[in-house]
Amino acid sequence: MNLIRKILFPFAIIYGLITSFRNFLFDKGIMKSYSFDLPIIAVGNLSVGGTGKTPQIEYLIRLLSKNYKVATLSRGYKRESKGFILADESSNAKILGDEPFQFFEKFKNIQVAVDADRKNGIEQMLSQNSKPEVILLDDAYQHRKVKAGFYILLTTYGDLYIDDFILPTGNLRESRSGVSRANVIIVTKCPSTLSLENQDAIRKKLKLSAEQELYFTFIDYDDFIYGEGQKIPLSELRSSSKLLIAGIAKPKPFFEHLKESSDVCMSFPDHHNFTDKDLEGIKIAAKNNKIITTEKDYVRLKGSLPDNQLFYLPIQSKFVLSTENSINNFDKTIINYVGTSSRNR
């Protein structure tokens, strides 16, 4: 695979020139970006997949939904529907996509919508009787047709954008210079005990501007697994044989957190649509043991596997402790942006 990527280097140069020219057109106003009269926060990344956008969106929902009417707007990757859809009780993962449906199931006090055309999606949401006061754009860093008021760029600890290259030789969707649009950069999936020395080393390596804020987060796993009306301490399952399933971009940490010697792991592509053949294979592999999966996979598997066997393990994004008191500083930055934007409406 590495050899093929090196062979494709000329195409990476061409792709990089195209994306850079596109960004130049937006920067100069030749291609129009649309702004809206409410706080809009875009969360995304420079690279493809697996940077932890979903737990970061959920963090923002928890932070803001106490005081504001929050809405999320996603593309709805791999959904079977088209156009704008505002989630309601008839929605499911096939209609919304797995991540938006996860938001809808988990946070009943927010609006959840999908639309590949983010401008149209925002316009549709603002035409509703109950208008949102804050919109969170999921995976929208490259969607420059809409100009968000605040940009959060994610990059993973083990695969920093600064060490990567443009597709198809690397995994970057655009040039590394795209980081300049970000107000905040978050290094995700760090060790929870990441030292201040390592944080400083990454800070120097990224060479951010003085106006940009840098934070470090880690994935925190819940102490319980959850199923249909059930909640079981994870500690009770350590000695039991189980089947672990993940259809996410980077499943290794999930498996490593749960796996014991007698467990079986099954990995599927990110956002995988489970077929009847897949489901039959899962049932055979599970036997009568519990099946533990990610929260994102659970919303697609629910109803297709026995309720008494199927469970999911929730995760949350948490800030690595530092001398800068990261949690309070990040929260203040977001609340200040939303509050200031709201007062200026």
# chains A, B, ... in the order shown; residues from 1 in each chain; ligands from 1

$ residues_around --residues "Val43 in chain A" --least-positions-apart "5" --cutoff "12 Å" --atoms "only C-alpha atoms" --output "PDB file with all heavy atoms, in the first residue's frame"
ATOM      1  N   THR A  51     -10.718  11.031  13.634  1.00  0.00           N
ATOM      2  CA  THR A  51     -10.074  11.994  14.530  1.00  0.00           C
ATOM      3  C   THR A  51     -10.879  12.262  15.802  1.00  0.00           C
ATOM      4  O   THR A  51     -10.423  13.011  16.663  1.00  0.00           O
ATOM      5  CB  THR A  51      -9.829  13.342  13.809  1.00  0.00           C
ATOM      6  OG1 THR A  51     -11.062  13.826  13.288  1.00  0.00           O
ATOM      7  CG2 THR A  51      -8.817  13.188  12.687  1.00  0.00           C
ATOM      8  N   GLY A  52     -12.072  11.710  15.910  1.00  0.00           N
ATOM      9  CA  GLY A  52     -12.865  11.891  17.129  1.00  0.00           C
ATOM     10  C   GLY A  52     -13.845  13.042  17.061  1.00  0.00           C
ATOM     11  O   GLY A  52     -14.109  13.705  18.069  1.00  0.00           O
ATOM     12  N   LYS A  53     -14.416  13.271  15.874  1.00  0.00           N
ATOM     13  CA  LYS A  53     -15.381  14.374  15.722  1.00  0.00           C
ATOM     14  C   LYS A  53     -16.650  14.147  16.546  1.00  0.00           C
ATOM     15  O   LYS A  53     -17.180  15.079  17.143  1.00  0.00           O
ATOM     16  CB  LYS A  53     -15.744  14.544  14.242  1.00  0.00           C
ATOM     17  CG  LYS A  53     -14.611  15.049  13.367  1.00  0.00           C
ATOM     18  CD  LYS A  53     -15.050  15.279  11.953  1.00  0.00           C
ATOM     19  CE  LYS A  53     -15.433  13.992  11.237  1.00  0.00           C
ATOM     20  NZ  LYS A  53     -14.310  13.063  11.053  1.00  0.00           N
ATOM     21  N   THR A  54     -17.146  12.909  16.570  1.00  0.00           N
ATOM     22  CA  THR A  54     -18.411  12.641  17.268  1.00  0.00           C
ATOM     23  C   THR A  54     -18.330  12.948  18.764  1.00  0.00           C
ATOM     24  O   THR A  54     -19.186  13.676  19.281  1.00  0.00           O
ATOM     25  CB  THR A  54     -18.863  11.187  17.028  1.00  0.00           C
ATOM     26  OG1 THR A  54     -19.036  10.992  15.621  1.00  0.00           O
ATOM     27  CG2 THR A  54     -20.174  10.898  17.734  1.00  0.00           C
ATOM     28  N   PRO A  55     -17.337  12.439  19.500  1.00  0.00           N
ATOM     29  CA  PRO A  55     -17.273  12.802  20.929  1.00  0.00           C
ATOM     30  C   PRO A  55     -17.031  14.295  21.150  1.00  0.00           C
ATOM     31  O   PRO A  55     -17.467  14.846  22.160  1.00  0.00           O
ATOM     32  CB  PRO A  55     -16.117  11.957  21.472  1.00  0.00           C
ATOM     33  CG  PRO A  55     -15.375  11.449  20.290  1.00  0.00           C
ATOM     34  CD  PRO A  55     -16.338  11.395  19.167  1.00  0.00           C
ATOM     35  N   GLN A  56     -16.371  14.972  20.191  1.00  0.00           N
ATOM     36  CA  GLN A  56     -16.168  16.408  20.351  1.00  0.00           C
ATOM     37  C   GLN A  56     -17.473  17.181  20.163  1.00  0.00           C
ATOM     38  O   GLN A  56     -17.764  18.126  20.904  1.00  0.00           O
ATOM     39  CB  GLN A  56     -15.121  16.912  19.360  1.00  0.00           C
ATOM     40  CG  GLN A  56     -14.751  18.377  19.542  1.00  0.00           C
ATOM     41  CD  GLN A  56     -14.229  18.670  20.930  1.00  0.00           C
ATOM     42  OE1 GLN A  56     -13.331  17.982  21.431  1.00  0.00           O
ATOM     43  NE2 GLN A  56     -14.784  19.678  21.593  1.00  0.00           N
ATOM     44  N   ILE A  57     -18.273  16.775  19.178  1.00  0.00           N
ATOM     45  CA  ILE A  57     -19.601  17.385  19.000  1.00  0.00           C
ATOM     46  C   ILE A  57     -20.446  17.155  20.251  1.00  0.00           C
ATOM     47  O   ILE A  57     -21.136  18.060  20.736  1.00  0.00           O
ATOM     48  CB  ILE A  57     -20.307  16.804  17.761  1.00  0.00           C
ATOM     49  CG1 ILE A  57     -19.628  17.265  16.469  1.00  0.00           C
ATOM     50  CG2 ILE A  57     -21.787  17.196  17.756  1.00  0.00           C
ATOM     51  CD1 ILE A  57     -19.913  18.678  16.057  1.00  0.00           C
ATOM     52  N   GLU A  58     -20.390  15.945  20.789  1.00  0.00           N
ATOM     53  CA  GLU A  58     -21.170  15.643  21.994  1.00  0.00           C
ATOM     54  C   GLU A  58     -20.714  16.504  23.174  1.00  0.00           C
ATOM     55  O   GLU A  58     -21.540  16.928  23.994  1.00  0.00           O
ATOM     56  CB  GLU A  58     -21.062  14.154  22.330  1.00  0.00           C
ATOM     57  CG  GLU A  58     -21.775  13.262  21.319  1.00  0.00           C
ATOM     58  CD  GLU A  58     -21.841  11.806  21.762  1.00  0.00           C
ATOM     59  OE1 GLU A  58     -21.220  11.475  22.800  1.00  0.00           O
ATOM     60  OE2 GLU A  58     -22.509  11.013  21.073  1.00  0.00           O
ATOM     61  N   TYR A  59     -19.419  16.759  23.271  1.00  0.00           N
ATOM     62  CA  TYR A  59     -18.907  17.630  24.334  1.00  0.00           C
ATOM     63  C   TYR A  59     -19.531  19.019  24.207  1.00  0.00           C
ATOM     64  O   TYR A  59     -19.975  19.621  25.201  1.00  0.00           O
ATOM     65  CB  TYR A  59     -17.379  17.724  24.259  1.00  0.00           C
ATOM     66  CG  TYR A  59     -16.775  18.543  25.377  1.00  0.00           C
ATOM     67  CD1 TYR A  59     -16.304  17.939  26.537  1.00  0.00           C
ATOM     68  CD2 TYR A  59     -16.696  19.937  25.292  1.00  0.00           C
ATOM     69  CE1 TYR A  59     -15.775  18.690  27.582  1.00  0.00           C
ATOM     70  CE2 TYR A  59     -16.175  20.695  26.323  1.00  0.00           C
ATOM     71  CZ  TYR A  59     -15.708  20.072  27.467  1.00  0.00           C
ATOM     72  OH  TYR A  59     -15.194  20.817  28.496  1.00  0.00           O
ATOM     73  N   LEU A  60     -19.580  19.539  22.983  1.00  0.00           N
ATOM     74  CA  LEU A  60     -20.153  20.868  22.744  1.00  0.00           C
ATOM     75  C   LEU A  60     -21.652  20.887  23.044  1.00  0.00           C
ATOM     76  O   LEU A  60     -22.174  21.875  23.572  1.00  0.00           O
ATOM     77  CB  LEU A  60     -19.894  21.295  21.302  1.00  0.00           C
ATOM     78  CG  LEU A  60     -18.424  21.563  20.934  1.00  0.00           C
ATOM     79  CD1 LEU A  60     -18.288  21.758  19.438  1.00  0.00           C
ATOM     80  CD2 LEU A  60     -17.886  22.776  21.687  1.00  0.00           C
ATOM     81  N   THR A  72     -27.558  20.277  15.566  1.00  0.00           N
ATOM     82  CA  THR A  72     -26.422  19.738  14.814  1.00  0.00           C
ATOM     83  C   THR A  72     -26.837  19.572  13.363  1.00  0.00           C
ATOM     84  O   THR A  72     -27.985  19.222  13.068  1.00  0.00           O
ATOM     85  CB  THR A  72     -25.953  18.384  15.367  1.00  0.00           C
ATOM     86  OG1 THR A  72     -26.987  17.400  15.181  1.00  0.00           O
ATOM     87  CG2 THR A  72     -25.594  18.481  16.839  1.00  0.00           C
ATOM     88  N   LEU A  73     -25.899  19.839  12.469  1.00  0.00           N
ATOM     89  CA  LEU A  73     -26.132  19.642  11.047  1.00  0.00           C
ATOM     90  C   LEU A  73     -24.986  18.828  10.483  1.00  0.00           C
ATOM     91  O   LEU A  73     -23.825  19.241  10.563  1.00  0.00           O
ATOM     92  CB  LEU A  73     -26.249  20.978  10.316  1.00  0.00           C
ATOM     93  CG  LEU A  73     -26.447  20.911   8.798  1.00  0.00           C
ATOM     94  CD1 LEU A  73     -27.728  20.163   8.438  1.00  0.00           C
ATOM     95  CD2 LEU A  73     -26.461  22.307   8.189  1.00  0.00           C
ATOM     96  N   SER A  74     -25.300  17.664   9.947  1.00  0.00           N
ATOM     97  CA  SER A  74     -24.310  16.757   9.390  1.00  0.00           C
ATOM     98  C   SER A  74     -24.637  16.443   7.937  1.00  0.00           C
ATOM     99  O   SER A  74     -25.764  16.673   7.474  1.00  0.00           O
ATOM    100  CB  SER A  74     -24.283  15.436  10.185  1.00  0.00           C
ATOM    101  OG  SER A  74     -24.188  15.659  11.572  1.00  0.00           O
ATOM    102  N   ILE A 135     -25.754  26.475  16.002  1.00  0.00           N
ATOM    103  CA  ILE A 135     -25.667  25.326  15.107  1.00  0.00           C
ATOM    104  C   ILE A 135     -24.250  24.773  15.137  1.00  0.00           C
ATOM    105  O   ILE A 135     -23.266  25.518  14.986  1.00  0.00           O
ATOM    106  CB  ILE A 135     -26.065  25.694  13.666  1.00  0.00           C
ATOM    107  CG1 ILE A 135     -27.541  26.085  13.606  1.00  0.00           C
ATOM    108  CG2 ILE A 135     -25.795  24.518  12.715  1.00  0.00           C
ATOM    109  CD1 ILE A 135     -28.015  26.492  12.219  1.00  0.00           C
ATOM    110  N   LEU A 136     -24.145  23.464  15.346  1.00  0.00           N
ATOM    111  CA  LEU A 136     -22.869  22.753  15.309  1.00  0.00           C
ATOM    112  C   LEU A 136     -22.773  22.020  13.978  1.00  0.00           C
ATOM    113  O   LEU A 136     -23.590  21.140  13.690  1.00  0.00           O
ATOM    114  CB  LEU A 136     -22.766  21.768  16.471  1.00  0.00           C
ATOM    115  CG  LEU A 136     -23.002  22.336  17.879  1.00  0.00           C
ATOM    116  CD1 LEU A 136     -22.933  21.210  18.917  1.00  0.00           C
ATOM    117  CD2 LEU A 136     -21.987  23.428  18.199  1.00  0.00           C
ATOM    118  N   LEU A 137     -21.797  22.393  13.155  1.00  0.00           N
ATOM    119  CA  LEU A 137     -21.587  21.741  11.864  1.00  0.00           C
ATOM    120  C   LEU A 137     -20.608  20.593  12.036  1.00  0.00           C
ATOM    121  O   LEU A 137     -19.444  20.811  12.410  1.00  0.00           O
ATOM    122  CB  LEU A 137     -21.040  22.741  10.837  1.00  0.00           C
ATOM    123  CG  LEU A 137     -21.940  23.913  10.445  1.00  0.00           C
ATOM    124  CD1 LEU A 137     -21.247  24.763   9.380  1.00  0.00           C
ATOM    125  CD2 LEU A 137     -23.283  23.412   9.932  1.00  0.00           C
ATOM    126  N   ASP A 138     -21.068  19.400  11.774  1.00  0.00           N
ATOM    127  CA  ASP A 138     -20.266  18.191  11.951  1.00  0.00           C
ATOM    128  C   ASP A 138     -19.494  17.883  10.667  1.00  0.00           C
ATOM    129  O   ASP A 138     -20.080  17.790   9.587  1.00  0.00           O
ATOM    130  CB  ASP A 138     -21.206  17.027  12.322  1.00  0.00           C
ATOM    131  CG  ASP A 138     -20.469  15.724  12.507  1.00  0.00           C
ATOM    132  OD1 ASP A 138     -19.260  15.751  12.827  1.00  0.00           O
ATOM    133  OD2 ASP A 138     -21.103  14.664  12.336  1.00  0.00           O
ATOM    134  N   ASP A 139     -18.172  17.723  10.792  1.00  0.00           N
ATOM    135  CA  ASP A 139     -17.306  17.381   9.656  1.00  0.00           C
ATOM    136  C   ASP A 139     -17.474  18.391   8.515  1.00  0.00           C
ATOM    137  O   ASP A 139     -17.761  18.028   7.376  1.00  0.00           O
ATOM    138  CB  ASP A 139     -17.601  15.965   9.160  1.00  0.00           C
ATOM    139  CG  ASP A 139     -16.492  15.432   8.245  1.00  0.00           C
ATOM    140  OD1 ASP A 139     -15.403  16.042   8.218  1.00  0.00           O
ATOM    141  OD2 ASP A 139     -16.730  14.427   7.556  1.00  0.00           O
ATOM    142  N   ALA A 140     -17.281  19.664   8.833  1.00  0.00           N
ATOM    143  CA  ALA A 140     -17.571  20.723   7.851  1.00  0.00           C
ATOM    144  C   ALA A 140     -16.385  21.661   7.619  1.00  0.00           C
ATOM    145  O   ALA A 140     -16.565  22.767   7.135  1.00  0.00           O
ATOM    146  CB  ALA A 140     -18.777  21.530   8.312  1.00  0.00           C
ATOM    147  N   TYR A 141     -15.187  21.220   7.947  1.00  0.00           N
ATOM    148  CA  TYR A 141     -14.036  22.113   7.833  1.00  0.00           C
ATOM    149  C   TYR A 141     -13.765  22.515   6.388  1.00  0.00           C
ATOM    150  O   TYR A 141     -13.340  23.634   6.114  1.00  0.00           O
ATOM    151  CB  TYR A 141     -12.794  21.449   8.433  1.00  0.00           C
ATOM    152  CG  TYR A 141     -11.700  22.439   8.793  1.00  0.00           C
ATOM    153  CD1 TYR A 141     -11.795  23.206   9.956  1.00  0.00           C
ATOM    154  CD2 TYR A 141     -10.584  22.610   7.988  1.00  0.00           C
ATOM    155  CE1 TYR A 141     -10.806  24.117  10.295  1.00  0.00           C
ATOM    156  CE2 TYR A 141      -9.603  23.516   8.314  1.00  0.00           C
ATOM    157  CZ  TYR A 141      -9.711  24.271   9.475  1.00  0.00           C
ATOM    158  OH  TYR A 141      -8.734  25.186   9.798  1.00  0.00           O
ATOM    159  N   GLN A 142     -14.011  21.601   5.440  1.00  0.00           N
ATOM    160  CA  GLN A 142     -13.779  21.902   4.029  1.00  0.00           C
ATOM    161  C   GLN A 142     -15.025  22.430   3.311  1.00  0.00           C
ATOM    162  O   GLN A 142     -14.953  22.741   2.125  1.00  0.00           O
ATOM    163  CB  GLN A 142     -13.270  20.649   3.294  1.00  0.00           C
ATOM    164  CG  GLN A 142     -11.813  20.302   3.551  1.00  0.00           C
ATOM    165  CD  GLN A 142     -11.585  19.664   4.902  1.00  0.00           C
ATOM    166  OE1 GLN A 142     -12.431  18.918   5.396  1.00  0.00           O
ATOM    167  NE2 GLN A 142     -10.454  19.959   5.529  1.00  0.00           N
ATOM    168  N   HIS A 143     -16.151  22.539   4.011  1.00  0.00           N
ATOM    169  CA  HIS A 143     -17.393  23.009   3.383  1.00  0.00           C
ATOM    170  C   HIS A 143     -17.434  24.534   3.448  1.00  0.00           C
ATOM    171  O   HIS A 143     -18.124  25.125   4.279  1.00  0.00           O
ATOM    172  CB  HIS A 143     -18.612  22.383   4.064  1.00  0.00           C
ATOM    173  CG  HIS A 143     -18.750  20.932   3.774  1.00  0.00           C
ATOM    174  ND1 HIS A 143     -19.556  20.439   2.780  1.00  0.00           N
ATOM    175  CD2 HIS A 143     -18.153  19.862   4.334  1.00  0.00           C
ATOM    176  CE1 HIS A 143     -19.453  19.116   2.745  1.00  0.00           C
ATOM    177  NE2 HIS A 143     -18.606  18.744   3.681  1.00  0.00           N
ATOM    178  N   ALA A 148     -18.533  29.577   8.842  1.00  0.00           N
ATOM    179  CA  ALA A 148     -18.862  29.460  10.268  1.00  0.00           C
ATOM    180  C   ALA A 148     -18.215  30.608  11.028  1.00  0.00           C
ATOM    181  O   ALA A 148     -17.227  31.205  10.579  1.00  0.00           O
ATOM    182  CB  ALA A 148     -18.385  28.123  10.808  1.00  0.00           C
ATOM    183  N   GLY A 149     -18.750  30.895  12.190  1.00  0.00           N
ATOM    184  CA  GLY A 149     -18.165  31.941  13.019  1.00  0.00           C
ATOM    185  C   GLY A 149     -16.984  31.444  13.827  1.00  0.00           C
ATOM    186  O   GLY A 149     -16.158  32.245  14.296  1.00  0.00           O
ATOM    187  N   PHE A 150     -16.892  30.108  14.002  1.00  0.00           N
ATOM    188  CA  PHE A 150     -15.841  29.536  14.840  1.00  0.00           C
ATOM    189  C   PHE A 150     -15.479  28.164  14.297  1.00  0.00           C
ATOM    190  O   PHE A 150     -16.361  27.358  13.989  1.00  0.00           O
ATOM    191  CB  PHE A 150     -16.330  29.417  16.287  1.00  0.00           C
ATOM    192  CG  PHE A 150     -15.240  29.246  17.303  1.00  0.00           C
ATOM    193  CD1 PHE A 150     -14.705  30.336  17.952  1.00  0.00           C
ATOM    194  CD2 PHE A 150     -14.750  27.984  17.610  1.00  0.00           C
ATOM    195  CE1 PHE A 150     -13.694  30.191  18.892  1.00  0.00           C
ATOM    196  CE2 PHE A 150     -13.743  27.817  18.546  1.00  0.00           C
ATOM    197  CZ  PHE A 150     -13.207  28.928  19.192  1.00  0.00           C
ATOM    198  N   TYR A 151     -14.167  27.887  14.184  1.00  0.00           N
ATOM    199  CA  TYR A 151     -13.695  26.613  13.619  1.00  0.00           C
ATOM    200  C   TYR A 151     -12.843  25.860  14.630  1.00  0.00           C
ATOM    201  O   TYR A 151     -11.904  26.421  15.217  1.00  0.00           O
ATOM    202  CB  TYR A 151     -12.869  26.857  12.361  1.00  0.00           C
ATOM    203  CG  TYR A 151     -13.683  27.273  11.158  1.00  0.00           C
ATOM    204  CD1 TYR A 151     -13.972  28.612  10.922  1.00  0.00           C
ATOM    205  CD2 TYR A 151     -14.178  26.322  10.266  1.00  0.00           C
ATOM    206  CE1 TYR A 151     -14.734  29.000   9.828  1.00  0.00           C
ATOM    207  CE2 TYR A 151     -14.941  26.699   9.168  1.00  0.00           C
ATOM    208  CZ  TYR A 151     -15.214  28.038   8.963  1.00  0.00           C
ATOM    209  OH  TYR A 151     -15.969  28.409   7.879  1.00  0.00           O
ATOM    210  N   ILE A 152     -13.177  24.583  14.826  1.00  0.00           N
ATOM    211  CA  ILE A 152     -12.390  23.687  15.673  1.00  0.00           C
ATOM    212  C   ILE A 152     -11.794  22.601  14.782  1.00  0.00           C
ATOM    213  O   ILE A 152     -12.522  21.860  14.121  1.00  0.00           O
ATOM    214  CB  ILE A 152     -13.260  23.042  16.768  1.00  0.00           C
ATOM    215  CG1 ILE A 152     -13.838  24.118  17.695  1.00  0.00           C
ATOM    216  CG2 ILE A 152     -12.443  22.033  17.580  1.00  0.00           C
ATOM    217  CD1 ILE A 152     -14.807  23.573  18.732  1.00  0.00           C
ATOM    218  N   LEU A 153     -10.480  22.530  14.745  1.00  0.00           N
ATOM    219  CA  LEU A 153      -9.772  21.548  13.927  1.00  0.00           C
ATOM    220  C   LEU A 153      -9.223  20.447  14.822  1.00  0.00           C
ATOM    221  O   LEU A 153      -8.536  20.721  15.812  1.00  0.00           O
ATOM    222  CB  LEU A 153      -8.633  22.218  13.165  1.00  0.00           C
ATOM    223  CG  LEU A 153      -7.778  21.287  12.300  1.00  0.00           C
ATOM    224  CD1 LEU A 153      -8.575  20.767  11.110  1.00  0.00           C
ATOM    225  CD2 LEU A 153      -6.515  21.989  11.826  1.00  0.00           C
ATOM    226  N   LEU A 154      -9.520  19.187  14.473  1.00  0.00           N
ATOM    227  CA  LEU A 154      -9.037  18.034  15.230  1.00  0.00           C
ATOM    228  C   LEU A 154      -7.900  17.339  14.492  1.00  0.00           C
ATOM    229  O   LEU A 154      -7.936  17.207  13.269  1.00  0.00           O
ATOM    230  CB  LEU A 154     -10.180  17.046  15.460  1.00  0.00           C
ATOM    231  CG  LEU A 154     -11.489  17.602  16.041  1.00  0.00           C
ATOM    232  CD1 LEU A 154     -12.491  16.462  16.227  1.00  0.00           C
ATOM    233  CD2 LEU A 154     -11.246  18.322  17.345  1.00  0.00           C
ATOM    234  N   THR A 155      -6.916  16.881  15.234  1.00  0.00           N
ATOM    235  CA  THR A 155      -5.825  16.080  14.678  1.00  0.00           C
ATOM    236  C   THR A 155      -5.424  15.059  15.731  1.00  0.00           C
ATOM    237  O   THR A 155      -5.374  15.379  16.926  1.00  0.00           O
ATOM    238  CB  THR A 155      -4.629  16.965  14.269  1.00  0.00           C
ATOM    239  OG1 THR A 155      -3.617  16.159  13.655  1.00  0.00           O
ATOM    240  CG2 THR A 155      -4.025  17.703  15.452  1.00  0.00           C
ATOM    241  N   ARG A 181      -7.271  28.508   9.178  1.00  0.00           N
ATOM    242  CA  ARG A 181      -8.673  28.889   9.358  1.00  0.00           C
ATOM    243  C   ARG A 181      -9.199  28.549  10.752  1.00  0.00           C
ATOM    244  O   ARG A 181     -10.278  28.997  11.141  1.00  0.00           O
ATOM    245  CB  ARG A 181      -9.570  28.189   8.312  1.00  0.00           C
ATOM    246  CG  ARG A 181      -9.212  28.500   6.873  1.00  0.00           C
ATOM    247  CD  ARG A 181     -10.339  28.124   5.919  1.00  0.00           C
ATOM    248  NE  ARG A 181     -10.718  26.732   5.962  1.00  0.00           N
ATOM    249  CZ  ARG A 181     -10.103  25.748   5.304  1.00  0.00           C
ATOM    250  NH1 ARG A 181      -9.034  26.012   4.565  1.00  0.00           N
ATOM    251  NH2 ARG A 181     -10.533  24.505   5.373  1.00  0.00           N
ATOM    252  N   ALA A 182      -8.468  27.747  11.498  1.00  0.00           N
ATOM    253  CA  ALA A 182      -8.955  27.251  12.788  1.00  0.00           C
ATOM    254  C   ALA A 182      -8.769  28.277  13.902  1.00  0.00           C
ATOM    255  O   ALA A 182      -7.724  28.922  13.996  1.00  0.00           O
ATOM    256  CB  ALA A 182      -8.251  25.954  13.155  1.00  0.00           C
ATOM    257  N   ASN A 183      -9.789  28.417  14.739  1.00  0.00           N
ATOM    258  CA  ASN A 183      -9.662  29.205  15.964  1.00  0.00           C
ATOM    259  C   ASN A 183      -9.036  28.375  17.076  1.00  0.00           C
ATOM    260  O   ASN A 183      -8.245  28.880  17.881  1.00  0.00           O
ATOM    261  CB  ASN A 183     -11.036  29.691  16.427  1.00  0.00           C
ATOM    262  CG  ASN A 183     -11.723  30.553  15.391  1.00  0.00           C
ATOM    263  OD1 ASN A 183     -12.493  30.047  14.583  1.00  0.00           O
ATOM    264  ND2 ASN A 183     -11.446  31.850  15.389  1.00  0.00           N
ATOM    265  N   VAL A 184      -9.421  27.087  17.097  1.00  0.00           N
ATOM    266  CA  VAL A 184      -8.925  26.156  18.111  1.00  0.00           C
ATOM    267  C   VAL A 184      -8.454  24.883  17.417  1.00  0.00           C
ATOM    268  O   VAL A 184      -9.107  24.393  16.496  1.00  0.00           O
ATOM    269  CB  VAL A 184     -10.034  25.816  19.140  1.00  0.00           C
ATOM    270  CG1 VAL A 184      -9.708  24.543  19.916  1.00  0.00           C
ATOM    271  CG2 VAL A 184     -10.254  26.975  20.094  1.00  0.00           C
ATOM    272  N   ILE A 185      -7.323  24.361  17.862  1.00  0.00           N
ATOM    273  CA  ILE A 185      -6.829  23.066  17.383  1.00  0.00           C
ATOM    274  C   ILE A 185      -6.811  22.128  18.583  1.00  0.00           C
ATOM    275  O   ILE A 185      -6.307  22.490  19.663  1.00  0.00           O
ATOM    276  CB  ILE A 185      -5.406  23.186  16.780  1.00  0.00           C
ATOM    277  CG1 ILE A 185      -5.438  24.055  15.521  1.00  0.00           C
ATOM    278  CG2 ILE A 185      -4.866  21.804  16.437  1.00  0.00           C
ATOM    279  CD1 ILE A 185      -5.290  25.526  15.784  1.00  0.00           C
ATOM    280  N   ILE A 186      -7.378  20.945  18.410  1.00  0.00           N
ATOM    281  CA  ILE A 186      -7.392  19.948  19.485  1.00  0.00           C
ATOM    282  C   ILE A 186      -6.651  18.706  19.017  1.00  0.00           C
ATOM    283  O   ILE A 186      -6.996  18.119  17.986  1.00  0.00           O
ATOM    284  CB  ILE A 186      -8.824  19.577  19.896  1.00  0.00           C
ATOM    285  CG1 ILE A 186      -9.586  20.812  20.381  1.00  0.00           C
ATOM    286  CG2 ILE A 186      -8.798  18.508  20.989  1.00  0.00           C
ATOM    287  CD1 ILE A 186     -11.031  20.529  20.773  1.00  0.00           C
TER     288      ILE A 186
END

$ select_by_dssp --residues "range 240-309 of chain A" --states "strand (DSSP E)" --output "list in words"
Lys242, Leu243, Leu244, Ile245, Ala246, Val264, Cys265, Met266, Ser267, Lys290, Ile291, Ile292, Thr293 and Thr294 of chain A

$ write_last_selection --atoms "C-alpha atoms" --output "short mmCIF file (atom, residue, chain, number, x, y, z; two decimals), in the first residue's frame"
data_model
loop_
_atom_site.label_atom_id
_atom_site.label_comp_id
_atom_site.auth_asym_id
_atom_site.auth_seq_id
_atom_site.Cartn_x
_atom_site.Cartn_y
_atom_site.Cartn_z
CA LYS A 242 -17.71 -12.01 24.49
CA LEU A 243 -17.77 -10.85 20.89
CA LEU A 244 -16.39 -7.39 20.17
CA ILE A 245 -17.55 -5.60 17.01
CA ALA A 246 -16.35 -2.31 15.55
CA VAL A 264 -13.36 -12.69 19.61
CA CYS A 265 -12.99 -9.45 17.62
CA MET A 266 -14.76 -8.62 14.36
CA SER A 267 -13.81 -5.47 12.45
CA LYS A 290 -22.69 -10.93 24.84
CA ILE A 291 -21.93 -8.74 21.82
CA ILE A 292 -20.26 -5.42 22.68
CA THR A 293 -19.90 -2.74 20.06
CA THR A 294 -19.35 0.99 19.72
#

$ select_by_dssp --residues "range 82-257 of chain A" --states "helix (DSSP H, G or I)" --output "NGL selection string"
:A and (93-96 or 98-106 or 118-126 or 161-163 or 176-181 or 196-206 or 234-236 or 252-257)

$ closest_residue --among "A:Tyr157, A:Asp222, A:His271, A:Arg5" --to "Arg203 in chain A" --atoms "only C-alpha atoms"
A:Tyr157

$ closest_residue --among "A:Ser33, A:Lys69, A:Glu213, A:Asp220" --to "Ser130 in chain A" --atoms "only C-alpha atoms"
A:Lys69

$ residues_around --residues "range 97-100 of chain A" --least-positions-apart "5" --cutoff "8 Å" --atoms "only C-alpha atoms" --output "PyMOL selection string"
chain A and resi 54+72+74+76-80+92+112-114+271+296-297+299-300

$ write_last_selection --atoms "C-alpha atoms" --output "compact mmCIF listing (two decimals), in the first residue's frame"
# COMPACT_ATOMS: atom_id res chain seq x y z
CA THR A 54 -18.41 12.64 17.27
CA THR A 72 -26.42 19.74 14.81
CA SER A 74 -24.31 16.76 9.39
CA GLY A 76 -25.40 12.09 6.99
CA TYR A 77 -22.67 9.92 5.51
CA LYS A 78 -23.93 6.69 3.88
CA ARG A 79 -27.58 7.39 4.68
CA GLU A 80 -30.21 6.01 2.33
CA ASN A 92 -33.49 5.87 12.11
CA VAL A 112 -30.64 17.11 14.61
CA ALA A 113 -30.62 17.61 10.85
CA VAL A 114 -28.78 16.25 7.82
CA HIS A 271 -19.92 3.43 8.68
CA LYS A 296 -22.10 4.37 16.56
CA ASP A 297 -22.40 0.73 15.47
CA VAL A 299 -27.58 2.40 16.40
CA ARG A 300 -27.18 0.41 13.16

$ residues_around --residues "Gln124 in chain A" --least-positions-apart "3" --cutoff "10 Å" --atoms "only C-alpha atoms" --output "tab-separated table (two decimals) with C-alpha atoms, in the first residue's frame"
chain	number	residue	atom	x	y	z
A	84	PHE	CA	-32.63	17.97	4.00
A	85	ILE	CA	-34.11	15.94	6.84
A	86	LEU	CA	-34.92	17.12	10.34
A	113	ALA	CA	-30.62	17.61	10.85
A	115	ASP	CA	-28.09	17.84	4.45
A	118	ARG	CA	-24.89	22.87	4.45
A	119	LYS	CA	-26.16	26.26	3.27
A	120	ASN	CA	-29.56	24.81	2.42
A	121	GLY	CA	-29.57	22.83	5.65
A	127	SER	CA	-37.27	28.47	8.58
A	128	GLN	CA	-38.67	26.16	11.29
A	131	LYS	CA	-35.32	28.03	15.40
